[in-house]
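Asker: Take a look at the following structure, please.
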Protein chains: 2
Amino acid sequence: MKQIAIIGLGLIGGSLALALRGLEGYEIIGVARSENTLRIAKERGAADILTQDGRAAIQQADVTILCLHPQGIVDFLKEHQGAFKEGALVTDVCGVKTAIMEAAAVLPDTVDFIGGHPMAGRETSGMAHAERELFRGTHYLLTPGEKSTPEHIALLRRMAEYLGCRDVVLTTPKQHDELIAYTSQVMHIMAVAVCDDPGLFSCRGFEGNSFRDCTRVAALDVPLWTQLFSMNAPALCGMIQRLEENLKSYRETLESGDRKRLSEKLEYSANRKRQMNLE
Amino acid sequence: MKQIAIIGLGLIGGSLALALRGLEGYEIIGVARSENTLRIAKERGAADILTQDGRAAIQQADVTILCLHPQGIVDFLKEHQGAFKEGALVTDVCGVKTAIMEAAAVLPDTVDFIGGHPMAGRETSGMAHAERELFRGTHYLLTPGEKSTPEHIALLRRMAEYLGCRDVVLTTPKQHDELIAYTSQVMHIMAVAVCDDPGLFSCRGFEGNSFRDCTRVAALDVPLWTQLFSMNAPALCGMIQRLEENLKSYRETLESGDRKRLSEKLEYSANRKRQMNLE
C-alpha cells in the first residue's frame with residue numbers, strides 16, 4: 001500500500017482527505033497540528049491514519065499534498081526540504097502558482113513538485129465544513145515543473161478523476177496567475193467592494209439572486225485571501241483597473257443618455273457571454 | 001368568478017399565468033399579441049382563457065397585471081387609460097417604479113394602481129421558458145399609490161403568498177429605484193463589464209463558481225435592460241461610481257504592498273457581509 005500524506009486538514013485538505021479515501025493502491029495520512037481538527041477528522045472518517053507529525057508523514061509518503069495557506073506552504077517547503085521520500089511526488093492546492101513554484105525550487109532533484117489548484121471553494125473553512133463532493137465538476141489546474149514525470153502527471157489525473165473533477169488543465173505558473181486574477185480573485189474583490197457600499201444594510205428585503213450570487217464569496221477567509229491577493233498583486237491590480245475602466249465606460253454611456261449606444265454596448269457584452277457558454 | 005388579466009406572456013407574465021391558476025375566486029386571462037406565444041401558452045396550460053384582445057380583457061378584469069417591458073407599460077397605460085374596469089386593481093411587474101408610477105397618473109380615480117416588482121428573473125426570456133416556481137422564495141416589492149386600498153394590498157399579499165414568495169415589502173418608488181440600482185442593476189452592469197475584459201475567451205477551463213455566479217446574468221435581454229438602466233440612470237450612475245471608488249481603494253491598497261491594511265480592509269468588508277447574513 002502506498003501512502004498519500006495530506007498536510008493541513010482545512011476545508012480543502014479535509015475535503016481531499018474525505019474524497020481520496022479508497023483510491024486504489026493508496027492509503028491516506030491526514031496531518032494537522034490542532035487536536036480539535038484531528039478529533040473532527042477522526043469523527044468524520046477523514047483519512048486512514050491521522051497524525052500531528054508532518055515530518056514523519058512526508059518521510060514515508062509517496063505523494064504529499066500541501067493544503068496549507070500559501071505562506072504556510074512556502075514555509076513548510078523550506079523547513080522540510082530534505083525530508084520528503086526519495087522519488088516522491090509533492091503537490092499543493094493553493095490559488096497562486098508563481099510564488100509556490102519558486103518556493104519549490106528548494107527541493108532536491110529526487111522530489112518531483114507539480115503545482116496544483118483544484119478550483120473548488122466555499123465561503124466557510126475548516127475540517128468541520130469539509131465535503132467529500134467539493135471537487136465534483138470543477139477544473140483541476142496543474143503547473144508541472146521542468147522535470148515532472150508523465151507518471152506523476154498521470155497519477156494526478158487519476159486522483160482528479162476519482163474526485164469527480166470535470167477535467168485537468170495543464171498550464172504555466174504565469175498563465176495560471178494571470179487567468180486566476182480574472183476568474184477568481186477579481187470576483188472576490190468585487191464581492192467585498194460591493195459590501196463596502198453604505199447602502200448595504202438598507203437593502204435587506206430588496207435582494208434577488210444576482211445580489212446573493214455576487215456577494216456570496218465576500219464572507220472570505222481573511223488571512224488566506226490577504227496572502228492570495230498579495231502574492232499575485234501585479235496581475236490582480238491590472239485586472240481591477242480594467243474592470244474599473246469597463247464600469248466607467250458603462251457609466252459614461254448612461255450619463256450621456258444615448259440609449260442606442262447603451263443598447264449596442266449591452267448587445268456586445270451579452271453576446272460575448274453567450275459565446276462563452278459556460279454550461 | 002372574478003378575473004385577473006395578465007397583459008404580456010413573456011418570462012414573467014407567462015410564469016405568473018402558470019403560477020396564479022387556481023387562486024381561489026379568480027380565473028386567469030392571458031393576453032399576448034403573438035400567435036406563437038399564445039400557442040405555447042395554450043400547450044403549457046397557462047391561463048384559463050387566452051386572447052389577443054387586451055382592451056376587451058381589461059374592460060372585464062377585476063385585476064390587471066401589466067407584464068410588458070417598462071416602455072410598453074407606459075404606452076399601454078396611456079393608450080388604454082379609460083378602458084380599465086371601474087374599481088379595478090392595476091399593477092405591473094417591472095424593475096423600475098418611479099417612471100411607472102408617474103405614467104400611472106393618467107389613470108382615472110376609479111382605478112387603483114399599485115406598482116409591483118417580484119424579484120425573480122432568469123437569463124432567458126419568453127413564454128417557452130416560463131416557470132410556475134419562478135417566484136418561490138423571492139421578495140415581492142409593492143409601491144402603493146396615495147389612494148390604494150387596504151383590500152387591494154391584501155389581495156396582492158394573497159397572490160404573493162400563493163406564488164410562494166418569501167414576503168411582501170412595501171416601499172416608495174424613490175426608495176425602490178435607489179435600492180434596486182444597488183441590488184440588481186449594478187450586479188448586471190458588473191456582469192457585462194466583466195465579460196468586456198479581453199481575457200474572456202482565454203479563461204475557459206479556469207473558471208470556478210464565483211465566475212459562473214457573477215457572469216450568469218450577463219446574457220441579458222438587451223431591449224429590456226436598456227430601458228431599465230436608462231429609466232433609472234441617475235441612481236444607477238451614482239451606484240456604479242461608488243463601486244468604481246471601492247474597487248480603486250482595494251487596488252491602491254494592493255499596489256501599496258501594505259498587507260496589514262489589506263487585511264484590515266478585507267476584515268471590514270467580510271464582516272459586513274457576515275452581518276448582512278442573507279440566508
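Labels for the C-alpha cells follow display order: chains A, B, ..., residues from 1 in each chain, ligands from 1.
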Could you superimpose chain B onto chain A using every C-alpha atom, matched in order, and tell me the RMSD in Å?

Answerer: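 In short, the RMSD is 0.1 Å.
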
Asker: For Glu102 of chain B, work out the shell of residues within 10 Å, counting only C-alpha atoms and skipping chain neighbours fewer than 5 positions away, then give it as a list in words.

Answerer: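 So, after excluding close chain neighbours, the residues are Val74, Lys97 and Pro173 of chain B.
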
Asker: Restricting the output to C-alpha atoms, write the selected residues as an mmCIF file, in the first residue's frame.

Answerer:
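Contents of selection_22.cif, as written:
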data_model
loop_
_atom_site.group_PDB
_atom_site.id
_atom_site.type_symbol
_atom_site.label_atom_id
_atom_site.label_comp_id
_atom_site.auth_asym_id
_atom_site.auth_seq_id
_atom_site.Cartn_x
_atom_site.Cartn_y
_atom_site.Cartn_z
ATOM 1 C CA VAL B 74 -46.036 53.316 -20.067
ATOM 2 C CA LYS B 97 -41.034 52.154 -10.222
ATOM 3 C CA PRO B 173 -40.878 54.453 -5.859
#

Asker: Dump as an mmCIF file with C-alpha atoms, in the first residue's frame the residues of chain B that approach chain A to within 7 Å, counting only C-alpha atoms.

Answerer:
data_model
loop_
_atom_site.group_PDB
_atom_site.id
_atom_site.type_symbol
_atom_site.label_atom_id
_atom_site.label_comp_id
_atom_site.auth_asym_id
_atom_site.auth_seq_id
_atom_site.Cartn_x
_atom_site.Cartn_y
_atom_site.Cartn_z
ATOM 1 C CA MET B 119 -37.681 39.983 -7.626
ATOM 2 C CA ALA B 120 -37.451 36.962 -9.869
ATOM 3 C CA THR B 138 -38.349 35.816 -3.654
ATOM 4 C CA HIS B 139 -39.281 39.240 -2.304
ATOM 5 C CA VAL B 169 -42.145 44.526 1.052
ATOM 6 C CA LEU B 179 -32.078 50.141 -3.714
ATOM 7 C CA ILE B 180 -32.671 48.256 -6.961
ATOM 8 C CA THR B 183 -29.115 45.030 -5.506
ATOM 9 C CA SER B 184 -29.985 44.305 -9.109
ATOM 10 C CA MET B 187 -24.948 43.421 -10.491
ATOM 11 C CA MET B 190 -20.709 44.285 -13.303
ATOM 12 C CA VAL B 192 -21.392 42.688 -18.555
ATOM 13 C CA ALA B 193 -18.318 44.768 -17.635
ATOM 14 C CA VAL B 194 -16.513 41.563 -16.590
ATOM 15 C CA CYS B 195 -17.352 39.999 -19.959
ATOM 16 C CA ASP B 196 -15.822 43.013 -21.756
ATOM 17 C CA PHE B 201 -12.210 33.657 -24.090
ATOM 18 C CA CYS B 203 -10.084 31.834 -19.457
ATOM 19 C CA GLY B 205 -11.050 25.946 -18.255
ATOM 20 C CA PHE B 206 -10.013 28.291 -15.446
ATOM 21 C CA GLU B 207 -13.416 29.361 -14.192
ATOM 22 C CA GLY B 208 -14.849 28.436 -10.819
ATOM 23 C CA SER B 210 -17.588 32.694 -8.336
ATOM 24 C CA PHE B 211 -17.048 33.462 -12.040
ATOM 25 C CA ASP B 213 -22.274 33.075 -10.478
ATOM 26 C CA CYS B 214 -21.165 36.625 -11.204
ATOM 27 C CA ALA B 218 -24.573 38.945 -18.381
ATOM 28 C CA ALA B 219 -26.519 37.164 -21.126
ATOM 29 C CA LEU B 220 -29.321 39.633 -20.546
ATOM 30 C CA VAL B 222 -30.873 43.770 -24.222
ATOM 31 C CA PRO B 223 -34.019 45.819 -25.066
ATOM 32 C CA THR B 226 -31.575 49.160 -21.939
ATOM 33 C CA SER B 230 -31.995 54.254 -18.811
ATOM 34 C CA ALA B 233 -29.863 56.323 -14.805
ATOM 35 C CA CYS B 237 -24.689 56.047 -12.222
ATOM 36 C CA ILE B 240 -21.519 52.497 -10.380
ATOM 37 C CA LEU B 243 -18.353 50.792 -6.841
ATOM 38 C CA GLU B 244 -15.532 52.159 -9.028
ATOM 39 C CA ASN B 246 -14.412 50.966 -3.726
ATOM 40 C CA LEU B 247 -12.552 48.901 -6.327
ATOM 41 C CA ARG B 251 -6.399 48.360 -5.957
ATOM 42 C CA LEU B 254 -2.737 46.235 -3.092
ATOM 43 C CA GLU B 255 -0.362 48.485 -5.032
ATOM 44 C CA ARG B 259 -0.577 43.704 3.804
ATOM 45 C CA LEU B 262 -5.267 44.981 3.063
ATOM 46 C CA SER B 263 -6.106 42.517 5.797
ATOM 47 C CA LEU B 266 -10.911 42.604 3.954
ATOM 48 C CA GLU B 267 -11.880 42.070 7.583
ATOM 49 C CA SER B 269 -15.898 44.045 4.214
ATOM 50 C CA ALA B 270 -16.182 40.355 5.115
ATOM 51 C CA ASN B 271 -17.701 41.291 8.480
ATOM 52 C CA ARG B 272 -20.269 43.496 6.772
ATOM 53 C CA LYS B 273 -21.203 40.566 4.568
ATOM 54 C CA ARG B 274 -21.486 38.214 7.570
ATOM 55 C CA MET B 276 -25.847 41.038 6.356
#

Asker: Extract, using only C-alpha atoms, all DNA, RNA and protein residues at most 9 Å from segment 36-43 of chain B, discarding same-chain residues fewer than 3 positions from it, and format them as JSON, numbers by chain.

Answerer: {"B": [9, 10, 14, 17, 18, 30, 31, 32, 33, 46, 47, 49, 50, 51, 52, 126, 127, 128]}

Asker: Could you pull the residues within 12 Å of Ala5 of chain A, counting only C-alpha atoms, minus those fewer than 5 positions along the same chain, as number ranges by chain?

Answerer: A: 13-14, 16-17, 20-21, 26-32, 47-67, 84-85, 88-92

Asker: Among the residues of segment 39-140 of chain A, find those DSSP assigns to strand (DSSP E) from the backbone and print them as a list in words.

Answerer: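 Of segment 39-140 of chain A, only Ile49, Leu50, Thr51, Val63, Thr64, Ile65, Leu66, Leu89, Val90, Thr91, Asp92, Asp112, Phe113, Ile114, Gly115, Gly116, His117, Pro118, His139 and Tyr140 of chain A fall in strand (DSSP E).
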
Asker: Please produce a file of the residues just selected, as a PDB file, in the first residue's frame, where the atoms kept are N, CA and C atoms.

Answerer:
ATOM      1  N   ILE A  49      -5.120   7.210   8.418  1.00  0.00           N
ATOM      2  CA  ILE A  49      -4.253   7.435   9.573  1.00  0.00           C
ATOM      3  C   ILE A  49      -4.254   8.938   9.835  1.00  0.00           C
ATOM      4  N   LEU A  50      -4.336   9.324  11.105  1.00  0.00           N
ATOM      5  CA  LEU A  50      -4.291  10.750  11.448  1.00  0.00           C
ATOM      6  C   LEU A  50      -3.125  10.998  12.386  1.00  0.00           C
ATOM      7  N   THR A  51      -2.382  12.077  12.162  1.00  0.00           N
ATOM      8  CA  THR A  51      -1.207  12.341  12.985  1.00  0.00           C
ATOM      9  C   THR A  51      -0.914  13.833  13.039  1.00  0.00           C
ATOM     10  N   VAL A  63       3.248  10.316  -2.044  1.00  0.00           N
ATOM     11  CA  VAL A  63       2.659  11.566  -2.543  1.00  0.00           C
ATOM     12  C   VAL A  63       2.373  12.453  -1.340  1.00  0.00           C
ATOM     13  N   THR A  64       2.796  13.707  -1.404  1.00  0.00           N
ATOM     14  CA  THR A  64       2.436  14.666  -0.363  1.00  0.00           C
ATOM     15  C   THR A  64       1.637  15.795  -0.990  1.00  0.00           C
ATOM     16  N   ILE A  65       0.510  16.122  -0.387  1.00  0.00           N
ATOM     17  CA  ILE A  65      -0.314  17.234  -0.870  1.00  0.00           C
ATOM     18  C   ILE A  65      -0.337  18.304   0.205  1.00  0.00           C
ATOM     19  N   LEU A  66       0.248  19.455  -0.110  1.00  0.00           N
ATOM     20  CA  LEU A  66       0.326  20.541   0.864  1.00  0.00           C
ATOM     21  C   LEU A  66      -0.948  21.367   0.788  1.00  0.00           C
ATOM     22  N   LEU A  89       6.231  12.386  -5.209  1.00  0.00           N
ATOM     23  CA  LEU A  89       5.522  13.487  -5.857  1.00  0.00           C
ATOM     24  C   LEU A  89       5.027  14.414  -4.753  1.00  0.00           C
ATOM     25  N   VAL A  90       5.347  15.709  -4.879  1.00  0.00           N
ATOM     26  CA  VAL A  90       4.826  16.697  -3.930  1.00  0.00           C
ATOM     27  C   VAL A  90       3.970  17.682  -4.720  1.00  0.00           C
ATOM     28  N   THR A  91       2.824  17.995  -4.208  1.00  0.00           N
ATOM     29  CA  THR A  91       1.944  18.946  -4.884  1.00  0.00           C
ATOM     30  C   THR A  91       1.263  19.810  -3.837  1.00  0.00           C
ATOM     31  N   ASP A  92       0.483  20.811  -4.291  1.00  0.00           N
ATOM     32  CA  ASP A  92      -0.227  21.677  -3.349  1.00  0.00           C
ATOM     33  C   ASP A  92      -1.602  21.962  -3.937  1.00  0.00           C
ATOM     34  N   ASP A 112       9.692  15.360  -7.100  1.00  0.00           N
ATOM     35  CA  ASP A 112       9.008  15.983  -8.236  1.00  0.00           C
ATOM     36  C   ASP A 112       7.881  16.869  -7.711  1.00  0.00           C
ATOM     37  N   PHE A 113       8.026  18.197  -7.861  1.00  0.00           N
ATOM     38  CA  PHE A 113       6.963  19.096  -7.414  1.00  0.00           C
ATOM     39  C   PHE A 113       6.104  19.536  -8.593  1.00  0.00           C
ATOM     40  N   ILE A 114       4.812  19.304  -8.497  1.00  0.00           N
ATOM     41  CA  ILE A 114       3.848  19.740  -9.510  1.00  0.00           C
ATOM     42  C   ILE A 114       2.820  20.628  -8.813  1.00  0.00           C
ATOM     43  N   GLY A 115       2.749  21.895  -9.214  1.00  0.00           N
ATOM     44  CA  GLY A 115       1.768  22.792  -8.607  1.00  0.00           C
ATOM     45  C   GLY A 115       0.354  22.344  -8.941  1.00  0.00           C
ATOM     46  N   GLY A 116      -0.552  22.478  -7.981  1.00  0.00           N
ATOM     47  CA  GLY A 116      -1.934  22.065  -8.212  1.00  0.00           C
ATOM     48  C   GLY A 116      -2.917  23.110  -7.706  1.00  0.00           C
ATOM     49  N   HIS A 117      -4.071  23.188  -8.352  1.00  0.00           N
ATOM     50  CA  HIS A 117      -5.118  24.120  -7.914  1.00  0.00           C
ATOM     51  C   HIS A 117      -6.481  23.590  -8.344  1.00  0.00           C
ATOM     52  N   PRO A 118      -7.095  22.793  -7.456  1.00  0.00           N
ATOM     53  CA  PRO A 118      -8.468  22.385  -7.748  1.00  0.00           C
ATOM     54  C   PRO A 118      -9.382  23.591  -7.516  1.00  0.00           C
ATOM     55  N   HIS A 139     -12.650  22.310 -12.411  1.00  0.00           N
ATOM     56  CA  HIS A 139     -11.380  22.169 -13.130  1.00  0.00           C
ATOM     57  C   HIS A 139     -10.253  21.947 -12.112  1.00  0.00           C
ATOM     58  N   TYR A 140      -9.339  21.022 -12.438  1.00  0.00           N
ATOM     59  CA  TYR A 140      -8.150  20.812 -11.588  1.00  0.00           C
ATOM     60  C   TYR A 140      -6.952  21.298 -12.402  1.00  0.00           C
TER      61      TYR A 140
END

Asker: From the DSSP assignment of the backbone, select every residue of segment 69-240 of chain A that is helix (DSSP H, G or I), and format the answer as an MDAnalysis selection string.

Answerer: chainID A and resid 70:79 98:106 127:129 150:163 173:195 200:203 209:218 222:230 233:240

Asker: Considering only C-alpha atoms, can you say which of B:Thr110, B:Gln71, B:Gln3, B:Ser125 comes closest to Thr149 of chain B?

Answerer: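 That would be B:Thr110, the residue with the smallest distance to Thr149 of chain B.
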
Asker: Would you pick out the contacts of Pro108 of chain A at 10 Å or less, using only C-alpha atoms, so that residues sharing its chain but fewer than 5 positions from it are not included, and give the list as a compact mmCIF listing (two decimals) with N, CA and C atoms, in the first residue's frame?

Answerer:
# COMPACT_ATOMS: atom_id res chain seq x y z
N GLN A 81 12.55 20.66 3.41
CA GLN A 81 13.01 20.39 2.04
C GLN A 81 13.74 19.07 1.89
N GLY A 82 14.52 18.68 2.93
CA GLY A 82 15.32 17.45 2.81
C GLY A 82 14.60 16.20 3.29
N ALA A 83 13.37 16.35 3.79
CA ALA A 83 12.73 15.23 4.47
C ALA A 83 11.79 14.40 3.60
N PHE A 84 11.44 14.89 2.41
CA PHE A 84 10.48 14.15 1.56
C PHE A 84 11.12 12.84 1.10
N GLU A 86 12.47 9.91 -1.12
CA GLU A 86 13.12 9.95 -2.43
C GLU A 86 12.16 9.45 -3.51
N GLY A 87 12.08 10.18 -4.60
CA GLY A 87 11.19 9.79 -5.70
C GLY A 87 9.76 10.22 -5.52
N PHE A 113 8.03 18.20 -7.86
CA PHE A 113 6.96 19.10 -7.41
C PHE A 113 6.10 19.54 -8.59

Asker: Please compute the atom CA of Gly95 of chain A-atom CA of Leu23 of chain A distance, one decimal, in Å.

Answerer: 24.5 Å

Asker: Using Å and a single decimal, report how far atom CA of Pro150 of chain A sits from atom CA of Gly8 of chain A.

Answerer: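 Distance reported for this atom pair: 26.5 Å.
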
Asker: State, in Å with one decimal place, the distance from atom CA of His69 of chain A to atom CA of Thr172 of chain A.

Answerer: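 Value for the atom CA of His69 of chain A-atom CA of Thr172 of chain A distance: 20.4 Å.
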